[in-house]
Amino acid sequence: MSALSVLGATYPLFSACSSRNGSEHLKEKITKIEIFRYDINIPRYFSWGTWHNRQHLFIKISAGDFYGWTETPASKNNPNFKPTTWVRYLEQFKGLTLGEAQRRLASEQVLGSKRSLKMLESLDMGLLDLSGRLQNKSAIELLGLKGRSAVPGLYCILDKDEKKVREEAEKSIEQNLGHHMKFKMYGDEKVDMKLLKTIREVLGDEAIVISDVNKGYKKWKSLEELKSILDRFKYNGLNAIEDPAHLKTNQWIELQKMVGDLTLIPDAPMRPAWKGLNTMKVGMGHIFNLHPSTMGSLSHTAQLAHKVKEIGAKVMIGDDSLVGPACSAWQQIAIGTSATWVEAIEKKKDSKNYLDCIIKKSTQKESNGYYSFRPTAGFGLELDTNHLKKVSELYIEI
């Protein structure tokens, strides 16, 4: 019971419980799994289509009094969505020990796996959170991540309407996030250039502005032609671009040399993390995006981050329009990897009902728009589950 005083100070909710030392935590059985369907009805616009609404699942995995939280964007444009597949997947883990659950999960986090990356990654996050709380250790300590300095939040605009883009850029300043901006491009140079110029007019010259075109530039016939397009964006103030086109590894490397100080950000080649470890090569870009919901494994994500640093490049943490528990978790991973910025941040409108449920969390947004971290057991999130049930469209206990 000597751990009680430490645990009580760090995590008052568990003041009646002692932490599990050594491998004892691996013997704890998963006693309950709860699913909360959290809906967002705010449109998001991409080069390939529109999300008019989306359905996220917040999942709580319990072992007695200890638990872990996770989140996954489970469906979009489907307001009648029922998580039947998720229930079938998760019910196999109820009654297993933590060690058994982690081994079963790891057996599918391999090359050639047919399992949904979102399922693998979401369960991984919940089990890691639970494991950290059982051991009274932070999740990023368990991942072997050493960074502890605050990282800038990255405000993201998903709209091609010039007026709305201007309004969003102004909102970023109001929220102290105007120093780092990401906007979606649509593979149409005329449209994309208007959006870039609008953002620069609002944010000025000092802000870091990046874009993501989701491989949207398709009509180029040579790297020289693609370089010319990117050079025009660079001349008008673009600092970095994610996945400008469908590129092979050698094309990534050559194009980065050609565009000089415009940073290329490989994203799609990094998915999933265990594949990214083999795909990533020196010179593909100056920054590599580790994108939530596509990594499939947090331990492989940590390995990938270490490898990026070994070759002298930097890490960014992307987003999957996350709104809830996964935001704080990925912010901690961003801090642990000393990322250039973190895009997975709570959204003022999308996250509103969720934010009302928070009792405590380990990350916080500072007045300068950077996200800091206070190490806590697991990922350290405490939610009012009764209130969460009220704001959720559906609640299921497995």
# chains A, B, ... in the order shown; residues from 1 in each chain; ligands from 1
>>> closest_atom_pairs(of="stretch 275-330 of chain A", to="stretch 118-141 of chain A", cutoff="10 Å", atoms="only C-alpha atoms", output="tab-separated table")
residue	atom	partner	partner_atom	distance
A:Pro292	CA	A:Glu121	CA	8.3
A:Ser293	CA	A:Lys118	CA	4.9
A:Thr294	CA	A:Lys118	CA	6.5
A:Met295	CA	A:Glu121	CA	6.8
A:Gly296	CA	A:Glu121	CA	4.2
A:Ser297	CA	A:Glu121	CA	5.1
A:Leu298	CA	A:Asp124	CA	6.8
A:Ser299	CA	A:Asp124	CA	8.8
A:Ala302	CA	A:Ile140	CA	9.0
A:Pro325	CA	A:Gly126	CA	9.8
A:Ala326	CA	A:Met125	CA	8.1
A:Ala329	CA	A:Met125	CA	8.0
A:Trp330	CA	A:Met125	CA	9.7
>>> select_by_dssp(residues="stretch 131-177 of chain A", states="strand (DSSP E or B)", output="mmCIF file with N, CA and C atoms, in the first residue's frame")
data_model
loop_
_atom_site.group_PDB
_atom_site.id
_atom_site.type_symbol
_atom_site.label_atom_id
_atom_site.label_comp_id
_atom_site.auth_asym_id
_atom_site.auth_seq_id
_atom_site.Cartn_x
_atom_site.Cartn_y
_atom_site.Cartn_z
ATOM 1 N N SER A 138 2.852 7.395 -16.899
ATOM 2 C CA SER A 138 2.238 8.065 -18.044
ATOM 3 C C SER A 138 2.368 7.200 -19.287
ATOM 4 N N VAL A 151 4.162 22.094 -27.491
ATOM 5 C CA VAL A 151 4.218 22.169 -28.958
ATOM 6 C C VAL A 151 3.061 23.032 -29.457
ATOM 7 N N PRO A 152 3.258 23.729 -30.586
ATOM 8 C CA PRO A 152 2.191 24.599 -31.098
ATOM 9 C C PRO A 152 1.015 23.820 -31.647
ATOM 10 N N GLY A 153 -0.177 24.308 -31.379
ATOM 11 C CA GLY A 153 -1.369 23.747 -31.993
ATOM 12 C C GLY A 153 -1.470 24.228 -33.433
ATOM 13 N N TYR A 155 -4.019 25.049 -36.392
ATOM 14 C CA TYR A 155 -5.418 25.315 -36.751
ATOM 15 C C TYR A 155 -5.643 24.862 -38.182
ATOM 16 N N CYS A 156 -6.730 24.154 -38.437
ATOM 17 C CA CYS A 156 -6.985 23.591 -39.757
ATOM 18 C C CYS A 156 -8.284 24.144 -40.346
ATOM 19 N N ILE A 157 -8.221 24.558 -41.616
ATOM 20 C CA ILE A 157 -9.392 25.055 -42.328
ATOM 21 C C ILE A 157 -9.755 24.071 -43.432
#
>>> closest_residue(among="A:Glu206, A:Asp319, A:Glu174, A:Asp212", to="A:Ala245", atoms="only C-alpha atoms")
A:Asp212
>>> atom_distance(atom1="atom CA of A:Ser172", atom2="atom CA of A:Asn239")
17.6 Å
>>> select_by_dssp(residues="stretch 70-232 of chain A", states="alpha helix (DSSP H)", output="ChimeraX atom specification")
/A:84-91,98-106,117-135,139-142,162-174,189-203,223-232
>>> closest_residue(among="A:Ser107, A:Gln332, A:Ser149, A:Thr31", to="A:Lys94", atoms="only C-alpha atoms")
A:Thr31
>>> closest_residue(among="A:Leu277, A:Leu255, A:Leu394, A:Ile359", to="A:Leu111", atoms="only C-alpha atoms")
A:Leu277
>>> residues_around(residues="A:Leu158", least_positions_apart="5", cutoff="6 Å", atoms="only C-alpha atoms", output="number ranges by chain")
A: 44-45, 184
>>> closest_residue(among="A:Leu117, A:Ala334, A:Ile253, A:Leu195", to="A:Arg271", atoms="only C-alpha atoms")
A:Leu117
>>> closest_residue(among="A:Val213, A:Leu177, A:Ile208, A:Leu355", to="A:Gly369", atoms="only C-alpha atoms")
A:Leu177
>>> residues_around(residues="A:Leu230", least_positions_apart="5", cutoff="9 Å", atoms="only C-alpha atoms", output="ChimeraX atom specification")
/A:225,235,238,241,244,259,262
>>> closest_residue(among="A:Leu143, A:Ile311, A:Leu203, A:Ile335", to="A:Asn176", atoms="only C-alpha atoms")
A:Leu203
>>> atom_distance(atom1="atom CA of A:Lys29", atom2="atom CA of A:Leu142")
19.7 Å
>>> decode(residues="stretch 138-254 of chain A", atoms="C-alpha atoms", output="PDB file, in the first residue's frame")
ATOM      1  CA  SER A 138       2.238   8.065 -18.044  1.00  0.00           C
ATOM      2  CA  ALA A 139       1.416   6.562 -21.417  1.00  0.00           C
ATOM      3  CA  ILE A 140       4.224   8.405 -23.179  1.00  0.00           C
ATOM      4  CA  GLU A 141       6.689   7.049 -20.612  1.00  0.00           C
ATOM      5  CA  LEU A 142       5.487   3.560 -21.534  1.00  0.00           C
ATOM      6  CA  LEU A 143       6.042   4.452 -25.207  1.00  0.00           C
ATOM      7  CA  GLY A 144       9.619   5.547 -24.451  1.00  0.00           C
ATOM      8  CA  LEU A 145       9.025   9.135 -25.592  1.00  0.00           C
ATOM      9  CA  LYS A 146      11.236  11.710 -23.889  1.00  0.00           C
ATOM     10  CA  GLY A 147       9.957  15.109 -25.055  1.00  0.00           C
ATOM     11  CA  ARG A 148       8.261  17.291 -22.462  1.00  0.00           C
ATOM     12  CA  SER A 149       8.226  20.788 -24.020  1.00  0.00           C
ATOM     13  CA  ALA A 150       4.988  22.372 -25.222  1.00  0.00           C
ATOM     14  CA  VAL A 151       4.218  22.169 -28.958  1.00  0.00           C
ATOM     15  CA  PRO A 152       2.191  24.599 -31.098  1.00  0.00           C
ATOM     16  CA  GLY A 153      -1.369  23.747 -31.993  1.00  0.00           C
ATOM     17  CA  LEU A 154      -2.133  23.703 -35.716  1.00  0.00           C
ATOM     18  CA  TYR A 155      -5.418  25.315 -36.751  1.00  0.00           C
ATOM     19  CA  CYS A 156      -6.985  23.591 -39.757  1.00  0.00           C
ATOM     20  CA  ILE A 157      -9.392  25.055 -42.328  1.00  0.00           C
ATOM     21  CA  LEU A 158     -11.492  22.707 -44.428  1.00  0.00           C
ATOM     22  CA  ASP A 159     -13.420  24.896 -46.842  1.00  0.00           C
ATOM     23  CA  LYS A 160     -13.047  26.193 -50.386  1.00  0.00           C
ATOM     24  CA  ASP A 161     -15.349  29.200 -49.923  1.00  0.00           C
ATOM     25  CA  GLU A 162     -13.030  32.210 -49.824  1.00  0.00           C
ATOM     26  CA  LYS A 163     -15.245  34.144 -47.412  1.00  0.00           C
ATOM     27  CA  LYS A 164     -15.469  31.245 -44.963  1.00  0.00           C
ATOM     28  CA  VAL A 165     -11.711  30.671 -45.191  1.00  0.00           C
ATOM     29  CA  ARG A 166     -11.152  34.317 -44.251  1.00  0.00           C
ATOM     30  CA  GLU A 167     -13.555  33.978 -41.322  1.00  0.00           C
ATOM     31  CA  GLU A 168     -11.793  30.815 -40.122  1.00  0.00           C
ATOM     32  CA  ALA A 169      -8.377  32.461 -40.378  1.00  0.00           C
ATOM     33  CA  GLU A 170      -9.675  35.336 -38.257  1.00  0.00           C
ATOM     34  CA  LYS A 171     -11.030  32.831 -35.720  1.00  0.00           C
ATOM     35  CA  SER A 172      -7.585  31.233 -35.486  1.00  0.00           C
ATOM     36  CA  ILE A 173      -6.195  34.576 -34.341  1.00  0.00           C
ATOM     37  CA  GLU A 174      -9.006  34.958 -31.787  1.00  0.00           C
ATOM     38  CA  GLN A 175      -8.078  31.514 -30.413  1.00  0.00           C
ATOM     39  CA  ASN A 176      -4.334  32.352 -30.304  1.00  0.00           C
ATOM     40  CA  LEU A 177      -3.661  29.767 -32.996  1.00  0.00           C
ATOM     41  CA  GLY A 178      -2.847  32.101 -35.871  1.00  0.00           C
ATOM     42  CA  HIS A 179       0.865  31.247 -35.701  1.00  0.00           C
ATOM     43  CA  HIS A 180       0.403  27.839 -37.386  1.00  0.00           C
ATOM     44  CA  MET A 181      -2.237  27.285 -40.041  1.00  0.00           C
ATOM     45  CA  LYS A 182      -3.137  24.359 -42.269  1.00  0.00           C
ATOM     46  CA  PHE A 183      -5.664  24.526 -45.063  1.00  0.00           C
ATOM     47  CA  LYS A 184      -7.034  21.999 -47.503  1.00  0.00           C
ATOM     48  CA  MET A 185      -6.148  22.360 -51.160  1.00  0.00           C
ATOM     49  CA  TYR A 186      -8.363  20.934 -53.875  1.00  0.00           C
ATOM     50  CA  GLY A 187      -6.026  20.163 -56.767  1.00  0.00           C
ATOM     51  CA  ASP A 188      -7.149  23.274 -58.673  1.00  0.00           C
ATOM     52  CA  GLU A 189      -4.320  25.809 -58.734  1.00  0.00           C
ATOM     53  CA  LYS A 190      -6.588  28.810 -59.262  1.00  0.00           C
ATOM     54  CA  VAL A 191      -8.832  27.906 -56.314  1.00  0.00           C
ATOM     55  CA  ASP A 192      -5.945  26.867 -54.082  1.00  0.00           C
ATOM     56  CA  MET A 193      -3.981  30.047 -54.778  1.00  0.00           C
ATOM     57  CA  LYS A 194      -6.949  32.226 -53.810  1.00  0.00           C
ATOM     58  CA  LEU A 195      -7.223  30.367 -50.506  1.00  0.00           C
ATOM     59  CA  LEU A 196      -3.501  30.747 -49.797  1.00  0.00           C
ATOM     60  CA  LYS A 197      -3.521  34.478 -50.553  1.00  0.00           C
ATOM     61  CA  THR A 198      -6.609  34.971 -48.370  1.00  0.00           C
ATOM     62  CA  ILE A 199      -4.939  33.248 -45.435  1.00  0.00           C
ATOM     63  CA  ARG A 200      -1.741  35.259 -45.873  1.00  0.00           C
ATOM     64  CA  GLU A 201      -3.746  38.505 -45.966  1.00  0.00           C
ATOM     65  CA  VAL A 202      -5.262  37.648 -42.598  1.00  0.00           C
ATOM     66  CA  LEU A 203      -2.278  36.060 -40.850  1.00  0.00           C
ATOM     67  CA  GLY A 204       0.560  38.148 -42.279  1.00  0.00           C
ATOM     68  CA  ASP A 205       4.036  36.989 -43.217  1.00  0.00           C
ATOM     69  CA  GLU A 206       5.222  35.458 -39.930  1.00  0.00           C
ATOM     70  CA  ALA A 207       2.717  32.602 -39.576  1.00  0.00           C
ATOM     71  CA  ILE A 208       3.665  29.085 -40.672  1.00  0.00           C
ATOM     72  CA  VAL A 209       1.190  28.068 -43.393  1.00  0.00           C
ATOM     73  CA  ILE A 210       0.977  24.525 -44.701  1.00  0.00           C
ATOM     74  CA  SER A 211      -1.487  22.804 -47.005  1.00  0.00           C
ATOM     75  CA  ASP A 212      -2.752  19.291 -47.617  1.00  0.00           C
ATOM     76  CA  VAL A 213      -3.913  18.448 -51.114  1.00  0.00           C
ATOM     77  CA  ASN A 214      -4.448  14.695 -50.520  1.00  0.00           C
ATOM     78  CA  LYS A 215      -2.471  13.829 -53.695  1.00  0.00           C
ATOM     79  CA  GLY A 216      -4.856  16.144 -55.565  1.00  0.00           C
ATOM     80  CA  TYR A 217      -2.473  17.421 -58.255  1.00  0.00           C
ATOM     81  CA  LYS A 218      -2.810  14.795 -60.964  1.00  0.00           C
ATOM     82  CA  LYS A 219      -2.322  16.407 -64.404  1.00  0.00           C
ATOM     83  CA  TRP A 220       1.456  16.997 -64.329  1.00  0.00           C
ATOM     84  CA  LYS A 221       3.532  15.010 -66.773  1.00  0.00           C
ATOM     85  CA  SER A 222       6.975  15.580 -65.253  1.00  0.00           C
ATOM     86  CA  LEU A 223       8.473  16.520 -61.900  1.00  0.00           C
ATOM     87  CA  GLU A 224       9.564  19.802 -63.480  1.00  0.00           C
ATOM     88  CA  GLU A 225       5.932  20.621 -64.186  1.00  0.00           C
ATOM     89  CA  LEU A 226       4.898  19.721 -60.632  1.00  0.00           C
ATOM     90  CA  LYS A 227       7.836  21.749 -59.286  1.00  0.00           C
ATOM     91  CA  SER A 228       6.600  24.796 -61.215  1.00  0.00           C
ATOM     92  CA  ILE A 229       3.191  24.515 -59.561  1.00  0.00           C
ATOM     93  CA  LEU A 230       4.728  24.183 -56.100  1.00  0.00           C
ATOM     94  CA  ASP A 231       7.147  27.037 -56.743  1.00  0.00           C
ATOM     95  CA  ARG A 232       4.231  29.373 -57.411  1.00  0.00           C
ATOM     96  CA  PHE A 233       2.685  28.437 -54.082  1.00  0.00           C
ATOM     97  CA  LYS A 234       6.039  28.873 -52.343  1.00  0.00           C
ATOM     98  CA  TYR A 235       6.439  32.336 -53.912  1.00  0.00           C
ATOM     99  CA  ASN A 236       3.024  33.302 -52.491  1.00  0.00           C
ATOM    100  CA  GLY A 237       3.864  32.259 -48.948  1.00  0.00           C
ATOM    101  CA  LEU A 238       3.318  28.507 -48.589  1.00  0.00           C
ATOM    102  CA  ASN A 239       5.811  26.965 -46.135  1.00  0.00           C
ATOM    103  CA  ALA A 240       4.998  23.266 -46.482  1.00  0.00           C
ATOM    104  CA  ILE A 241       2.701  20.879 -48.323  1.00  0.00           C
ATOM    105  CA  GLU A 242       1.414  17.387 -47.490  1.00  0.00           C
ATOM    106  CA  ASP A 243       1.033  14.750 -50.201  1.00  0.00           C
ATOM    107  CA  PRO A 244       1.037  17.152 -53.183  1.00  0.00           C
ATOM    108  CA  ALA A 245       0.602  14.293 -55.647  1.00  0.00           C
ATOM    109  CA  HIS A 246       0.840  10.544 -55.975  1.00  0.00           C
ATOM    110  CA  LEU A 247       4.615  10.043 -55.787  1.00  0.00           C
ATOM    111  CA  LYS A 248       6.996   7.115 -55.655  1.00  0.00           C
ATOM    112  CA  THR A 249       9.774   7.184 -53.073  1.00  0.00           C
ATOM    113  CA  ASN A 250      12.441   8.309 -55.545  1.00  0.00           C
ATOM    114  CA  GLN A 251      10.090  11.064 -56.798  1.00  0.00           C
ATOM    115  CA  TRP A 252       9.572  12.343 -53.252  1.00  0.00           C
ATOM    116  CA  ILE A 253      13.333  12.577 -52.795  1.00  0.00           C
ATOM    117  CA  GLU A 254      13.958  14.280 -56.143  1.00  0.00           C
TER     118      GLU A 254
END
